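Step one of this worksheet: look at the structure below.
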Amino acid sequence: MKPIGPIPPEFVGQSGMLTIGGERADALVTAHGSPLFVYDLAIVAARIARFRAAMPAAVALHYAVKANPHPAVIAGIAHLVEGLDVASVGELAKALAVKPAHAISFAGPGKRDAELEAAIVAGATLNAESAGEVRRALATGERLGIAPRLAVRVNPDLELRGSGMKMGGRASPFGVDAERVPELVRTIVGAGADWRGFHIFAGSQALDAGALVETQAATLTLAARLADESGHVPSKVNLGGGFGIPHFAGDRALDVERIGAALGEALAASALTAAGTTYAIELGRWLVGEAGVYLTRVVDRKESRGETFVVVDGGLHHQLAASGNFGTVVRRNYPVAVAGRMGEPGDGEASVVGCLCTPLDRLADRVALPPADEGDLVAVFIAGAYGLSASPAAFLGHPVPAEVVLGSRTVIPAEAGIQNR
């Protein structure tokens with residue numbers, strides 16, 4: 001028997017049929033089909049409110065669109081945050097539909113010339129990942145007669161201790177090595193571009209508040225050093241994000257209040273603050289991850305050589321992360337439940353497997369579950385971030401599941417597989 005991760009607090013204590021945003025899971029599936037993603041914007045709003053209460057007022061909040069690029073999710077978040085961070089022209093278009101360009105930043109290596117032009121014409125900030133990208137952006141701006149808005153993404157000489165994905169302290173395709181940044185800043189300013197400061201991202205999915213406090217303090221020190229060495233004070237420092245959420249057994253929720261208190265002290269002591277620099281934190285998973293549930297129907301239950309397999313109509317083509325094939329080294333179980341038997345103890349060991357012709361398609365491995373028979377629904381939690389858009393939906397040609405956004409304030413033009421409530 002293998003453990004599962006903790007069910008998000010909004011769903012703990014439920015009995016009987018799972019409800020999401022006050023709506024029954026079975027009614028949602030009857031209305032929209034299975035498999036189905038359901039996102040509850042009320043949970044997202046509560047996360048944002050907690051961030052506001054915990055963090056210094058001087059710190060802006062940006063949403064990393066890559067975590068969940070559903071148009072209604074972006075629209076529901078846009079009016080609650082100061083900025084949107086995108087990583088493609090497709091995401092840029094979605095962001096521009098709900099947020100002015102000056103509140104949008106565009107990151108990611110390998111930006112093509114057409115992408116640079118789109119961002120420059122719109123007026124979004126380009127987080128430059130290399131000297132070559134700066135050169136091309138400046139040339140594009142000169143051709144268009146527009147001064148590009150450029151920030152420098154820094155590959156820091158530090159890493160976020162205990163992070164699930166380390167983004168600094170090593171050779172990287174992301175950002176400009178810290179020692180090369182001052183000269184590049186001088187180039188940007190000297191060319192007449194609108195220099196927008198630094199984007200410094202050291203890692204992601206951290207649950208250790210002490211590690212995040214340590215990294216943020218080091219980031220501020222690094223930003224101040226780069227400002228001194230370049231001779232230019234940044235208008236903004238994006239401190240990155242890295243806030244993690246519990247996925248697996250033993251994980252504990254991040255103490256954001258501790259982080260906010262320490263960051264307030266660090267900002268008050270920073271020379272950059274005194275010089276007028278503003279700050280932002282960029283979050284994706286922490287805002288939306290626990291707000292999503294993936295519902296999939298049982299189509300078969302079988303025994304094979306002493307093991308029980310609950311076969312569902314979904315799988316890794318929709319939920320790659322839950323299958324253990326998205327960045328994890330050792331496969332561990334996401335929180336799962338039989339949606340119609342919330343609160344019931346497991347009466348036996350079973351594996352939840354998908355409908356694909358690959359042994360990798362396993363949503364839960366040898367976990368304790370109450371009875372799950374044909375027609376029952378299985379709920380996979382932590383489905384609000386890096387779910388459908390981060391999964392190989394085209395693999396084997398199965399239908400794309402619908403996505404329902406509860407609490408959406410914006411009507412989005414109909415798209416295949418997208419619905420709003």
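Labels used: A, B, ... for chains in the order of the structure tokens, numbers from 1 for residues in each chain, and numbers from 1 for ligands as shown.
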
Pull the strand (DSSP E or B) assignments for stretch 17-242 of chain A out of DSSP run on the backbone, and list those residues as an MDAnalysis selection string. chainID A and resid 19:20 23:24 36:40 59:64 83:86 104:106 125:128 149:155 165:166 176:177 194:200 203:204 206 236:238

Filtering to N, CA and C atoms, could you give me those residues as a tab-separated table (two decimals), in the first residue's frame?
```tsv
chain	number	residue	atom	x	y	z
A	19	THR	N	-18.14	17.85	-3.79
A	19	THR	CA	-18.64	19.11	-4.34
A	19	THR	C	-17.47	20.04	-4.61
A	20	ILE	N	-17.56	20.76	-5.71
A	20	ILE	CA	-16.54	21.73	-6.12
A	20	ILE	C	-17.23	23.05	-6.34
A	23	GLU	N	-20.95	22.78	-6.28
A	23	GLU	CA	-21.63	21.95	-7.28
A	23	GLU	C	-21.17	20.49	-7.17
A	24	ARG	N	-22.11	19.58	-7.31
A	24	ARG	CA	-21.80	18.15	-7.20
A	24	ARG	C	-20.98	17.69	-8.40
A	36	LEU	N	-13.18	15.42	-17.19
A	36	LEU	CA	-13.53	16.83	-17.03
A	36	LEU	C	-12.59	17.50	-16.04
A	37	PHE	N	-12.09	18.68	-16.41
A	37	PHE	CA	-11.37	19.54	-15.48
A	37	PHE	C	-12.34	20.57	-14.93
A	38	VAL	N	-12.29	20.79	-13.62
A	38	VAL	CA	-13.11	21.82	-12.98
A	38	VAL	C	-12.19	22.73	-12.17
A	39	TYR	N	-12.30	24.03	-12.40
A	39	TYR	CA	-11.48	25.02	-11.69
A	39	TYR	C	-12.39	25.94	-10.90
A	40	ASP	N	-12.10	26.14	-9.64
A	40	ASP	CA	-12.91	26.98	-8.76
A	40	ASP	C	-12.16	28.27	-8.48
A	59	VAL	N	4.99	44.87	-2.46
A	59	VAL	CA	5.27	43.78	-3.39
A	59	VAL	C	4.04	43.51	-4.26
A	60	ALA	N	4.20	43.69	-5.56
A	60	ALA	CA	3.13	43.40	-6.50
A	60	ALA	C	3.04	41.89	-6.73
A	61	LEU	N	1.87	41.44	-7.15
A	61	LEU	CA	1.66	40.03	-7.45
A	61	LEU	C	1.43	39.86	-8.94
A	62	HIS	N	2.19	38.97	-9.55
A	62	HIS	CA	2.03	38.62	-10.95
A	62	HIS	C	1.57	37.17	-11.06
A	63	TYR	N	0.72	36.89	-12.04
A	63	TYR	CA	0.30	35.52	-12.31
A	63	TYR	C	1.09	34.95	-13.48
A	64	ALA	N	1.72	33.79	-13.28
A	64	ALA	CA	2.45	33.10	-14.34
A	64	ALA	C	1.46	32.29	-15.15
A	83	GLY	N	0.09	42.07	-12.44
A	83	GLY	CA	0.74	41.73	-13.69
A	83	GLY	C	0.48	40.31	-14.12
A	84	LEU	N	0.69	40.06	-15.42
A	84	LEU	CA	0.62	38.72	-15.99
A	84	LEU	C	1.95	38.43	-16.66
A	85	ASP	N	2.50	37.26	-16.41
A	85	ASP	CA	3.76	36.86	-17.02
A	85	ASP	C	3.47	35.74	-18.03
A	86	VAL	N	3.92	35.94	-19.27
A	86	VAL	CA	3.63	35.01	-20.35
A	86	VAL	C	4.93	34.47	-20.92
A	104	ILE	N	2.21	43.41	-18.53
A	104	ILE	CA	2.52	42.08	-19.03
A	104	ILE	C	4.01	41.96	-19.29
A	105	SER	N	4.61	40.86	-18.86
A	105	SER	CA	6.01	40.58	-19.17
A	105	SER	C	6.09	39.26	-19.91
A	106	PHE	N	7.10	39.15	-20.77
A	106	PHE	CA	7.24	38.03	-21.70
A	106	PHE	C	8.61	37.40	-21.45
A	125	THR	N	6.70	44.10	-21.62
A	125	THR	CA	8.10	44.04	-21.23
A	125	THR	C	8.69	42.69	-21.63
A	126	LEU	N	9.81	42.73	-22.32
A	126	LEU	CA	10.53	41.51	-22.67
A	126	LEU	C	11.56	41.22	-21.59
A	127	ASN	N	11.47	40.04	-20.98
A	127	ASN	CA	12.50	39.59	-20.05
A	127	ASN	C	13.58	38.91	-20.89
A	128	ALA	N	14.63	39.66	-21.19
A	128	ALA	CA	15.66	39.17	-22.11
A	128	ALA	C	16.47	38.05	-21.47
A	149	ARG	N	10.65	47.81	-24.37
A	149	ARG	CA	10.70	47.71	-22.91
A	149	ARG	C	11.45	46.42	-22.57
A	150	LEU	N	12.62	46.54	-21.97
A	150	LEU	CA	13.49	45.39	-21.74
A	150	LEU	C	13.87	45.26	-20.27
A	151	ALA	N	13.64	44.07	-19.72
A	151	ALA	CA	14.21	43.70	-18.43
A	151	ALA	C	15.23	42.60	-18.70
A	152	VAL	N	16.16	42.41	-17.79
A	152	VAL	CA	17.15	41.35	-17.94
A	152	VAL	C	16.81	40.23	-16.98
A	153	ARG	N	16.59	39.05	-17.56
A	153	ARG	CA	16.44	37.89	-16.69
A	153	ARG	C	17.83	37.42	-16.29
A	154	VAL	N	18.05	37.34	-15.00
A	154	VAL	CA	19.36	37.02	-14.46
A	154	VAL	C	19.42	35.53	-14.11
A	155	ASN	N	20.47	34.88	-14.59
A	155	ASN	CA	20.79	33.53	-14.10
A	155	ASN	C	21.64	33.72	-12.86
A	165	MET	N	12.44	22.28	-8.78
A	165	MET	CA	13.10	22.52	-10.06
A	165	MET	C	14.03	23.71	-9.88
A	166	LYS	N	15.33	23.46	-9.89
A	166	LYS	CA	16.31	24.51	-9.66
A	166	LYS	C	16.55	25.28	-10.96
A	176	VAL	N	20.63	35.51	-18.16
A	176	VAL	CA	22.00	35.93	-18.42
A	176	VAL	C	22.82	35.70	-17.15
A	177	ASP	N	23.96	35.05	-17.27
A	177	ASP	CA	24.80	34.81	-16.10
A	177	ASP	C	25.05	36.12	-15.37
A	194	ASP	N	13.82	51.21	-23.11
A	194	ASP	CA	13.17	51.45	-21.82
A	194	ASP	C	13.54	50.29	-20.90
A	195	TRP	N	14.60	50.46	-20.11
A	195	TRP	CA	15.07	49.38	-19.25
A	195	TRP	C	14.14	49.25	-18.05
A	196	ARG	N	13.63	48.02	-17.84
A	196	ARG	CA	12.61	47.79	-16.82
A	196	ARG	C	13.11	47.03	-15.60
A	197	GLY	N	14.41	46.72	-15.53
A	197	GLY	CA	14.94	46.12	-14.31
A	197	GLY	C	15.33	44.66	-14.46
A	198	PHE	N	15.24	43.92	-13.35
A	198	PHE	CA	15.72	42.54	-13.30
A	198	PHE	C	14.58	41.55	-13.02
A	199	HIS	N	14.72	40.38	-13.63
A	199	HIS	CA	13.87	39.24	-13.30
A	199	HIS	C	14.81	38.15	-12.82
A	200	ILE	N	14.71	37.79	-11.54
A	200	ILE	CA	15.66	36.84	-10.93
A	200	ILE	C	14.87	35.68	-10.35
A	203	GLY	N	14.31	29.12	-8.53
A	203	GLY	CA	13.78	27.77	-8.43
A	203	GLY	C	12.29	27.78	-8.20
A	204	SER	N	11.68	26.59	-8.24
A	204	SER	CA	10.23	26.50	-8.10
A	204	SER	C	9.84	25.35	-7.18
A	206	ALA	N	8.96	25.07	-3.95
A	206	ALA	CA	9.63	24.95	-2.65
A	206	ALA	C	8.59	25.00	-1.53
A	236	LYS	N	12.30	48.02	-11.36
A	236	LYS	CA	11.58	46.90	-10.73
A	236	LYS	C	12.51	45.71	-10.62
A	237	VAL	N	12.33	44.95	-9.55
A	237	VAL	CA	12.98	43.65	-9.41
A	237	VAL	C	11.89	42.61	-9.21
A	238	ASN	N	11.78	41.71	-10.18
A	238	ASN	CA	10.89	40.57	-10.05
A	238	ASN	C	11.66	39.50	-9.30
```

If we count only C-alpha atoms, what is near A:Val98 at a cut-off of 8 Å, once residues fewer than 6 positions away on the same chain are taken out, given as a list in words? Ile74, Ala75 and Ala78 of chain A

Report, in Å to a single decimal, how far apart atom CA of A:Val181 and atom CA of A:His232 are. 11.4 Å

In stretch 287-379 of chain A, DSSP helix (DSSP H, G or I) residues written as a compact mmCIF listing (two decimals) with all heavy atoms, in the first residue's frame:
```txt
# COMPACT_ATOMS: atom_id res chain seq x y z
N LEU A 287 -1.10 29.68 -6.76
CA LEU A 287 -2.39 30.34 -6.90
C LEU A 287 -3.48 29.40 -7.40
O LEU A 287 -4.62 29.46 -6.95
CB LEU A 287 -2.28 31.54 -7.84
CG LEU A 287 -1.39 32.70 -7.40
CD1 LEU A 287 -1.40 33.79 -8.47
CD2 LEU A 287 -1.83 33.26 -6.06
N VAL A 288 -3.15 28.56 -8.39
CA VAL A 288 -4.21 27.82 -9.09
C VAL A 288 -4.16 26.31 -8.90
O VAL A 288 -5.15 25.62 -9.20
CB VAL A 288 -4.19 28.14 -10.60
CG1 VAL A 288 -4.44 29.61 -10.84
CG2 VAL A 288 -2.87 27.71 -11.25
N GLY A 289 -3.05 25.76 -8.44
CA GLY A 289 -2.90 24.31 -8.42
C GLY A 289 -3.98 23.61 -7.63
O GLY A 289 -4.58 22.63 -8.11
N GLU A 290 -4.26 24.07 -6.43
CA GLU A 290 -5.23 23.38 -5.56
C GLU A 290 -6.67 23.73 -5.91
O GLU A 290 -7.60 23.16 -5.34
CB GLU A 290 -4.92 23.71 -4.10
CG GLU A 290 -3.59 23.13 -3.64
CD GLU A 290 -3.22 23.56 -2.23
OE1 GLU A 290 -3.13 24.77 -1.97
OE2 GLU A 290 -2.99 22.66 -1.39
N ALA A 291 -6.87 24.64 -6.86
CA ALA A 291 -8.22 25.05 -7.25
C ALA A 291 -8.82 24.15 -8.32
O ALA A 291 -9.98 24.30 -8.68
CB ALA A 291 -8.20 26.49 -7.77
N ALA A 339 -15.00 9.94 -6.05
CA ALA A 339 -15.76 11.18 -5.87
C ALA A 339 -17.09 10.96 -5.16
O ALA A 339 -17.56 11.86 -4.45
CB ALA A 339 -15.98 11.86 -7.22
N GLY A 340 -17.69 9.80 -5.33
CA GLY A 340 -18.98 9.55 -4.69
C GLY A 340 -18.89 8.97 -3.30
O GLY A 340 -19.92 8.71 -2.67
N ARG A 341 -17.67 8.78 -2.80
CA ARG A 341 -17.48 8.17 -1.48
C ARG A 341 -16.46 8.97 -0.66
O ARG A 341 -15.59 8.41 0.00
CB ARG A 341 -17.04 6.71 -1.62
CG ARG A 341 -18.10 5.83 -2.29
CD ARG A 341 -17.69 4.38 -2.34
NE ARG A 341 -18.78 3.56 -2.85
CZ ARG A 341 -19.00 3.30 -4.14
NH1 ARG A 341 -18.17 3.81 -5.06
NH2 ARG A 341 -20.02 2.56 -4.52
```

Using atom CA of A:Asp365 and atom CA of A:Arg332 as the two end points, give the distance in Å to one decimal. 7.9 Å

Pick from A:Pro335, A:Gly306, A:Pro9, A:Gly375, whichever lies nearest to A:Glu349 using only C-alpha atoms: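 Closest to A:Glu349, using only C-alpha atoms: A:Gly306.
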
Expressed in Å to a single decimal, how great is the separation between atom CA of A:Glu257 and atom CA of A:Lys66?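 Atom-to-atom, atom CA of A:Glu257 and atom CA of A:Lys66 are spaced 25.3 Å apart.
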
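Using only C-alpha atoms, the shortest contact distance between A:Pro100 and any of A:Val81, A:Ala131, A:Ala124, A:Ala268 is found at A:Ala124.
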
Neighbour list for A:Leu295 as a PyMOL selection string, cut-off 6 Å, only C-alpha atoms, skip fewer than 5 positions in-chain: chain A and resi 35-36+378-379
